[in-house]
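K.L.:
Please find input-v2.tsv (TSV, C-alpha atoms) on the next line:
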chain	number	residue	atom	x	y	z
A	1	MET	CA	261.06	22.45	-33.64
A	2	LYS	CA	259.53	22.36	-37.09
A	3	SER	CA	261.08	18.99	-37.78
A	4	PHE	CA	259.86	17.66	-34.43
A	5	LYS	CA	256.31	18.66	-35.35
A	6	LEU	CA	256.70	16.91	-38.67
A	7	PHE	CA	257.94	13.85	-36.82
A	8	LEU	CA	254.90	13.86	-34.50
A	9	THR	CA	252.53	14.25	-37.44
A	10	THR	CA	254.22	11.37	-39.24
A	11	VAL	CA	253.99	9.12	-36.19
A	12	ALA	CA	250.34	10.00	-35.67
A	13	LEU	CA	249.55	9.39	-39.35
A	14	ALA	CA	251.40	6.08	-39.35
A	15	THR	CA	249.47	4.97	-36.26
A	16	VAL	CA	246.15	5.81	-37.87
A	17	ILE	CA	247.08	4.02	-41.12
A	18	SER	CA	248.35	0.87	-39.42
A	19	ALA	CA	245.28	0.78	-37.16
A	20	THR	CA	243.03	0.98	-40.22
A	21	VAL	CA	244.92	-1.63	-42.23
A	22	SER	CA	245.14	-4.14	-39.40
A	23	ALA	CA	241.55	-3.63	-38.31
A	24	PRO	CA	240.36	-7.29	-38.73
A	25	ALA	CA	240.92	-9.17	-35.50
A	26	PHE	CA	242.94	-12.06	-37.04
A	27	ALA	CA	244.71	-10.31	-39.89
A	28	GLY	CA	247.46	-12.40	-41.45
A	29	PRO	CA	248.63	-13.58	-44.84
A	30	ARG	CA	245.51	-15.72	-45.42
A	31	GLU	CA	243.17	-12.87	-44.52
A	32	ASP	CA	245.13	-10.58	-46.83
A	33	ILE	CA	244.73	-13.05	-49.67
A	34	ILE	CA	240.99	-13.31	-49.04
A	35	ALA	CA	240.77	-9.50	-48.84
A	36	GLY	CA	242.54	-9.36	-52.21
A	37	PHE	CA	239.87	-11.55	-53.83
A	38	MET	CA	237.17	-9.46	-52.15
A	39	ALA	CA	238.74	-6.40	-53.74
A	40	GLN	CA	238.24	-8.19	-57.07
A	41	GLY	CA	234.50	-8.24	-56.45
A	42	ALA	CA	233.83	-11.18	-54.14
A	43	GLY	CA	231.28	-10.82	-51.36
A	44	PRO	CA	231.38	-12.44	-47.91
A	45	ALA	CA	232.49	-16.06	-47.70
A	46	ASP	CA	229.92	-18.81	-48.14
A	47	LEU	CA	231.39	-21.86	-46.40
A	48	ALA	CA	228.72	-24.21	-47.76
A	49	SER	CA	229.65	-23.24	-51.31
A	50	GLY	CA	233.28	-23.85	-50.50
A	51	LYS	CA	232.46	-27.31	-49.17
A	52	HIS	CA	230.37	-28.02	-52.24
A	53	MET	CA	233.31	-27.12	-54.47
A	54	TYR	CA	235.62	-29.45	-52.56
A	55	ASP	CA	233.17	-32.37	-52.66
A	56	THR	CA	231.59	-32.03	-56.11
A	57	THR	CA	232.44	-34.18	-59.09
A	58	PHE	CA	232.58	-31.59	-61.87
A	59	GLY	CA	233.81	-33.68	-64.79
A	60	THR	CA	233.98	-30.58	-66.95
A	61	GLY	CA	237.76	-30.20	-66.93
A	62	LYS	CA	240.31	-32.83	-67.87
A	63	PRO	CA	238.98	-36.43	-67.88
A	64	ASP	CA	241.64	-37.64	-65.46
A	65	THR	CA	240.87	-34.98	-62.84
A	66	PRO	CA	237.06	-34.69	-62.49
A	67	LYS	CA	237.06	-33.52	-58.85
A	68	CYS	CA	239.32	-32.03	-56.16
A	69	THR	CA	239.50	-35.35	-54.35
A	70	THR	CA	240.99	-37.11	-57.38
A	71	CYS	CA	244.25	-35.94	-55.84
A	72	HIS	CA	243.34	-34.28	-52.52
A	73	GLY	CA	242.12	-36.23	-49.50
A	74	ALA	CA	238.55	-37.55	-49.44
A	75	THR	CA	238.02	-35.10	-46.57
A	76	PRO	CA	240.04	-31.92	-46.05
A	77	GLN	CA	241.55	-33.51	-42.95
A	78	GLU	CA	243.07	-36.39	-44.92
A	79	SER	CA	246.22	-36.45	-47.02
A	80	GLY	CA	245.92	-36.90	-50.75
A	81	GLN	CA	248.13	-38.25	-53.48
A	82	THR	CA	249.09	-36.92	-56.90
A	83	ARG	CA	248.51	-39.19	-59.87
A	84	THR	CA	252.25	-39.79	-59.81
A	85	GLY	CA	252.06	-41.08	-56.25
A	86	LYS	CA	253.41	-38.09	-54.34
A	87	ALA	CA	251.70	-37.32	-51.04
A	88	ILE	CA	249.69	-34.10	-50.71
A	89	GLU	CA	249.31	-32.61	-47.26
A	90	PRO	CA	245.72	-32.17	-46.03
A	91	MET	CA	243.93	-29.07	-47.30
A	92	ALA	CA	242.38	-28.30	-43.89
A	93	VAL	CA	244.20	-25.36	-42.34
A	94	SER	CA	243.98	-27.04	-38.92
A	95	LYS	CA	246.13	-29.85	-40.31
A	96	THR	CA	248.36	-27.82	-42.62
A	97	PRO	CA	248.62	-24.29	-41.19
A	98	ALA	CA	250.62	-22.93	-44.14
A	99	ARG	CA	247.69	-23.45	-46.56
A	100	PHE	CA	246.67	-20.30	-48.44
A	101	THR	CA	249.36	-18.07	-46.97
A	102	ASP	CA	251.43	-17.62	-50.12
A	103	GLN	CA	249.76	-15.55	-52.84
A	104	ALA	CA	251.92	-16.95	-55.65
A	105	LYS	CA	251.09	-20.53	-54.68
A	106	VAL	CA	247.41	-19.74	-54.28
A	107	ASP	CA	247.30	-18.18	-57.75
A	108	LYS	CA	249.31	-20.99	-59.32
A	109	TRP	CA	247.11	-23.76	-57.98
A	110	PHE	CA	243.75	-22.05	-58.54
A	111	LEU	CA	244.78	-21.39	-62.14
A	112	ARG	CA	245.78	-24.98	-62.79
A	113	ASN	CA	243.25	-26.85	-60.77
A	114	CYS	CA	240.15	-24.82	-61.64
A	115	SER	CA	241.07	-25.31	-65.27
A	116	GLY	CA	241.91	-29.00	-64.80
A	117	VAL	CA	238.87	-29.89	-62.70
A	118	ILE	CA	236.14	-27.43	-63.71
A	119	GLY	CA	237.38	-26.47	-67.15
A	120	ARG	CA	237.47	-22.73	-66.49
A	121	GLU	CA	239.05	-20.20	-64.17
A	122	CYS	CA	237.47	-19.87	-60.73
A	123	THR	CA	235.74	-16.63	-59.82
A	124	ALA	CA	236.97	-14.42	-56.99
A	125	GLN	CA	233.86	-15.47	-55.03
A	126	GLU	CA	234.65	-19.17	-55.47
A	127	LYS	CA	238.20	-18.57	-54.27
A	128	VAL	CA	236.97	-16.76	-51.14
A	129	ASP	CA	234.46	-19.54	-50.44
A	130	PHE	CA	236.98	-22.31	-51.00
A	131	ILE	CA	239.77	-20.79	-48.87
A	132	SER	CA	237.35	-19.82	-46.10
A	133	TYR	CA	235.82	-23.31	-45.98
A	134	LEU	CA	239.22	-24.97	-45.69
A	135	ALA	CA	240.35	-22.38	-43.14
A	136	SER	CA	237.35	-23.44	-41.03
A	137	GLN	CA	238.37	-27.11	-41.22
B	1	MET	CA	296.01	-31.63	-47.49
B	2	LEU	CA	294.77	-34.13	-44.96
B	3	LYS	CA	291.24	-33.05	-45.70
B	4	ILE	CA	291.68	-33.63	-49.42
B	5	SER	CA	293.14	-37.08	-48.98
B	6	THR	CA	290.38	-38.01	-46.54
B	7	LEU	CA	287.82	-36.82	-49.04
B	8	ALA	CA	289.53	-38.75	-51.84
B	9	ALA	CA	289.52	-41.88	-49.69
B	10	ALA	CA	285.86	-41.39	-48.85
B	11	VAL	CA	284.99	-40.93	-52.51
B	12	SER	CA	286.87	-44.02	-53.59
B	13	VAL	CA	285.26	-46.12	-50.86
B	14	PHE	CA	281.90	-44.82	-51.99
B	15	ALA	CA	282.74	-45.66	-55.61
B	16	LEU	CA	283.77	-49.18	-54.63
B	17	THR	CA	280.48	-49.81	-52.90
B	18	LEU	CA	278.51	-49.00	-56.05
B	19	PRO	CA	277.51	-52.00	-58.14
B	20	ALA	CA	279.25	-52.35	-61.49
B	21	HIS	CA	276.28	-51.34	-63.63
B	22	ALA	CA	275.21	-48.33	-61.64
B	23	GLU	CA	274.46	-45.21	-63.53
B	24	SER	CA	273.91	-42.21	-61.40
B	25	PHE	CA	272.49	-38.80	-62.03
B	26	THR	CA	273.43	-35.46	-60.57
B	27	PRO	CA	270.72	-34.61	-58.02
B	28	ILE	CA	268.58	-31.65	-59.05
B	29	LYS	CA	269.02	-28.84	-56.56
B	30	ASP	CA	267.72	-25.93	-58.61
B	31	PRO	CA	264.97	-24.39	-56.44
B	32	LYS	CA	263.05	-23.19	-59.50
B	33	ILE	CA	262.88	-26.69	-60.93
B	34	ILE	CA	261.98	-28.18	-57.57
B	35	ALA	CA	259.17	-25.63	-57.17
B	36	ALA	CA	257.87	-25.91	-60.73
B	37	CYS	CA	258.03	-29.70	-61.12
B	38	GLY	CA	258.67	-31.22	-57.72
B	39	GLU	CA	255.39	-30.31	-56.07
B	40	CYS	CA	253.62	-32.94	-58.17
B	41	HIS	CA	256.27	-35.52	-58.89
B	42	MET	CA	259.90	-36.43	-58.52
B	43	THR	CA	262.13	-34.07	-60.44
B	44	TYR	CA	263.15	-36.41	-63.25
B	45	PHE	CA	266.63	-36.24	-64.70
B	46	PRO	CA	267.18	-34.43	-68.01
B	47	GLN	CA	269.63	-37.14	-69.09
B	48	MET	CA	266.78	-39.67	-69.31
B	49	LEU	CA	265.38	-38.30	-72.58
B	50	PRO	CA	266.65	-36.55	-75.71
B	51	GLN	CA	265.86	-32.93	-76.47
B	52	ALA	CA	263.08	-33.87	-78.89
B	53	SER	CA	261.25	-35.71	-76.10
B	54	TRP	CA	261.60	-32.86	-73.61
B	55	SER	CA	260.34	-30.41	-76.23
B	56	LYS	CA	257.22	-32.50	-76.71
B	57	ILE	CA	256.65	-33.00	-72.98
B	58	LEU	CA	257.39	-29.48	-71.76
B	59	SER	CA	256.15	-27.27	-74.58
B	60	ASP	CA	252.49	-27.53	-73.59
B	61	PRO	CA	252.15	-27.91	-69.82
B	62	SER	CA	248.42	-27.18	-70.05
B	63	ASN	CA	248.11	-30.79	-71.17
B	64	HIS	CA	250.80	-32.55	-69.17
B	65	PHE	CA	250.08	-36.28	-69.06
B	66	GLY	CA	246.39	-35.53	-68.71
B	67	GLU	CA	246.78	-32.71	-66.23
B	68	ASP	CA	246.82	-28.98	-66.45
B	69	ALA	CA	250.30	-28.09	-65.26
B	70	THR	CA	250.27	-24.52	-66.50
B	71	LEU	CA	253.29	-22.52	-65.42
B	72	ALA	CA	253.96	-18.81	-65.63
B	73	PRO	CA	255.49	-18.25	-69.11
B	74	ALA	CA	258.90	-17.27	-67.73
B	75	VAL	CA	258.97	-20.37	-65.51
B	76	GLN	CA	257.90	-22.60	-68.38
B	77	ASP	CA	260.77	-21.29	-70.54
B	78	TYR	CA	263.19	-21.82	-67.68
B	79	VAL	CA	262.09	-25.42	-67.16
B	80	LEU	CA	262.19	-26.24	-70.87
B	81	ASN	CA	265.69	-24.78	-71.25
B	82	TYR	CA	266.89	-26.58	-68.14
B	83	TYR	CA	265.85	-29.93	-69.60
B	84	LEU	CA	267.07	-29.14	-73.13
B	85	ASN	CA	270.50	-28.10	-71.83
B	86	ASP	CA	271.14	-31.39	-70.06
B	87	ALA	CA	269.20	-33.77	-72.31
B	88	ALA	CA	270.46	-37.26	-73.06
B	89	ASP	CA	271.58	-36.38	-76.59
B	90	VAL	CA	273.64	-33.35	-75.54
B	91	GLN	CA	275.18	-34.68	-72.34
B	92	SER	CA	278.08	-37.11	-72.41
B	93	THR	CA	277.64	-38.66	-68.99
B	94	ARG	CA	277.44	-42.42	-68.60
B	95	ALA	CA	273.76	-42.13	-67.72
B	96	ALA	CA	273.00	-39.99	-70.76
B	97	LYS	CA	274.70	-42.50	-73.06
B	98	LYS	CA	272.82	-45.41	-71.53
B	99	TRP	CA	269.50	-43.61	-71.89
B	100	MET	CA	270.25	-42.77	-75.53
B	101	THR	CA	270.86	-46.41	-76.44
B	102	GLY	CA	268.09	-47.59	-78.71
B	103	VAL	CA	266.40	-44.19	-78.94
B	104	ASP	CA	264.98	-43.38	-82.37
B	105	LEU	CA	265.33	-39.62	-82.70
B	106	LYS	CA	262.84	-39.61	-85.59
B	107	ASN	CA	260.28	-41.04	-83.20
B	108	PRO	CA	261.46	-39.85	-79.77
B	109	PRO	CA	259.96	-41.37	-76.59
B	110	SER	CA	256.95	-39.44	-75.32
B	111	SER	CA	257.71	-40.31	-71.69
B	112	ILE	CA	260.48	-41.66	-69.50
B	113	SER	CA	258.56	-44.87	-68.90
B	114	THR	CA	258.48	-45.60	-72.64
B	115	ALA	CA	262.17	-44.83	-73.19
B	116	PRO	CA	264.16	-47.92	-74.28
B	117	ARG	CA	266.36	-47.86	-71.17
B	118	PHE	CA	263.33	-47.80	-68.85
B	119	VAL	CA	261.56	-50.56	-70.77
B	120	GLN	CA	264.68	-52.71	-70.84
B	121	LYS	CA	265.27	-52.31	-67.10
B	122	HIS	CA	261.64	-53.07	-66.21
B	123	SER	CA	260.76	-55.74	-68.74
B	124	ASP	CA	260.85	-58.84	-66.56
B	125	ARG	CA	257.46	-60.27	-65.75
B	126	GLU	CA	258.25	-59.94	-62.04
B	127	PHE	CA	257.87	-56.18	-62.31
B	128	THR	CA	254.13	-56.40	-62.85
B	129	SER	CA	253.68	-58.35	-59.64
B	130	MET	CA	256.13	-56.13	-57.79
B	131	TRP	CA	254.28	-53.01	-58.88
B	132	ASN	CA	251.03	-54.58	-57.70
B	133	ARG	CA	252.51	-55.77	-54.45
B	134	LYS	CA	254.03	-52.42	-53.59
B	135	ASN	CA	250.87	-50.66	-54.69
B	136	VAL	CA	252.84	-48.47	-57.07
B	137	LYS	CA	250.37	-45.90	-58.28
B	138	SER	CA	252.13	-45.16	-61.52
B	139	LYS	CA	255.35	-45.98	-63.36
B	140	SER	CA	256.18	-42.32	-62.84
B	141	ASP	CA	256.52	-42.93	-59.11
B	142	CYS	CA	260.20	-43.92	-59.14
B	143	VAL	CA	260.67	-43.53	-55.38
B	144	ALA	CA	258.03	-46.17	-54.64
B	145	CYS	CA	260.78	-48.73	-55.32
B	146	HIS	CA	263.97	-46.73	-55.85
B	147	LYS	CA	264.16	-45.03	-52.48
B	148	ASP	CA	267.16	-42.92	-53.46
B	149	ALA	CA	265.87	-42.00	-56.92
B	150	GLN	CA	265.60	-38.33	-56.11
B	151	ARG	CA	269.28	-38.37	-55.19
B	152	GLY	CA	270.08	-39.83	-58.58
B	153	ILE	CA	270.67	-43.37	-57.37
B	154	PHE	CA	268.64	-46.22	-58.87
B	155	GLU	CA	270.83	-49.21	-58.08
B	156	ASP	CA	268.71	-50.55	-55.23
B	157	ASP	CA	266.37	-52.96	-56.95
Kindly present the structure from the file in structure tokens form.

P.N.:
Amino acid sequence: MKSFKLFLTTVALATVISATVSAPAFAGPREDIIAGFMAQGAGPADLASGKHMYDTTFGTGKPDTPKCTTCHGATPQESGQTRTGKAIEPMAVSKTPARFTDQAKVDKWFLRNCSGVIGRECTAQEKVDFISYLASQ
Amino acid sequence: MLKISTLAAAVSVFALTLPAHAESFTPIKDPKIIAACGECHMTYFPQMLPQASWSKILSDPSNHFGEDATLAPAVQDYVLNYYLNDAADVQSTRAAKKWMTGVDLKNPPSSISTAPRFVQKHSDREFTSMWNRKNVKSKSDCVACHKDAQRGIFEDD
């Protein structure tokens, strides 16, 4: 009887926890990644800032890679090409649904490309803006 | 037994169809190498350059042919060791020997496209026009012309 009570309590607790964790309507790997950057201090997403990042010529990183679209498509819906000629799938999530669903990849490419294009690491806010903008495309 | 002889026959037929001067490379199947290098470019073959070249190229990925190709430290070590272990001056394959010909180890090539074997194989004037015609973005884009390059086969030009 005692163990049955414990079981019921556990089930109830688990239900409450999972309901809390999965509260956002469209929770998934991308939302989790965004939530992770928010936990690092980012506020709500600013899509216009994300678009600005994608479109801007920074020129403050490496000379050969002054902007995102040096390699990525001129618009998020278009494919891009690495400087070695390899195709890059569009950044728009509508075109490439797997974008921003793998934390290791997200970290790897923000680290490299923010450094290569802007000349510094991106802030958590910039990452939220950038991912959210491309998720809306 | 039948299987083995069939396989042997298939292999010998395959070998016969290869042109006399073909040098082939073992395709790279290591998922770590494919993930670390292959997202940006073809995974080049270690036997194309000596250890000294790979050390120069892979020791500072934060400045990798003009790009920041920073890798996690453990991955960077793995990639460097992978290329050092199978470099042209430690491997004894036919390809490795060909790619060592003419290499000055005191002044090792800083890229595959400046290695003597590459230069020799692409020195005819026709290559300039072919590269233009095919809109080859860079000499590093082997597969633009060598469709089977990633499989280690270059004898298609």

K.L.:
Pull out every residue of chain B that has at least one atom within 7 Å of chain A, counting all atoms listed in the file, and report them as a short mmCIF file (atom, residue, chain, number, x, y, z; two decimals) with C-alpha atoms, in the coordinates of the input.

P.N.:
data_model
loop_
_atom_site.label_atom_id
_atom_site.label_comp_id
_atom_site.auth_asym_id
_atom_site.auth_seq_id
_atom_site.Cartn_x
_atom_site.Cartn_y
_atom_site.Cartn_z
CA CYS B 40 253.62 -32.94 -58.17
CA HIS B 41 256.27 -35.52 -58.89
CA GLY B 66 246.39 -35.53 -68.71
CA GLU B 67 246.78 -32.71 -66.23
CA ASP B 68 246.82 -28.98 -66.45
CA ALA B 69 250.30 -28.09 -65.26
CA THR B 70 250.27 -24.52 -66.50
CA LYS B 137 250.37 -45.90 -58.28
CA SER B 138 252.13 -45.16 -61.52
CA SER B 140 256.18 -42.32 -62.84
CA ASP B 141 256.52 -42.93 -59.11
#

K.L.:
So which residues are close to (261.6, -37.3, -79.9), meaning at most 12 Å away in the file's coordinates with all atoms listed in the file counted, and can you show them as a PyMOL selection string?

P.N.:
chain B and resi 49-57+84+87-89+100+103-112+114-115

K.L.:
Distance atom CA of A:Thr57-atom CA of B:Asn63, one decimal place?

P.N.:
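These two atoms are separated by 20.1 Å.
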
K.L.:
Distance atom CA of B:Glu23-atom CA of B:Arg133, one decimal place?

P.N.:
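A separation of 26.0 Å between them.
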
K.L.:
Please, what distance in Å, to one decimal, runs between atom CA of A:Arg120 and atom CA of B:Val79?

P.N.:
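Here the two named atoms are 24.8 Å from each other.
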
K.L.:
Kindly provide, as JSON, the centre and edge lengths (Å, one decimal) of an axis-aligned box around all atoms of stretch 40-50 of chain B given in the file, with 5 Å on each side.

P.N.:
{"center_x": 261.6, "center_y": -36.3, "center_z": -66.9, "size_x": 26.0, "size_y": 16.7, "size_z": 27.5}

K.L.:
Which residues are close to B:Val143, i.e. within 10 Å by only C-alpha atoms, leaving aside same-chain residues fewer than 4 positions away? Reply as a ChimeraX atom specification.

P.N.:
/A:85-86 /B:41-42,136,139,147-150,154
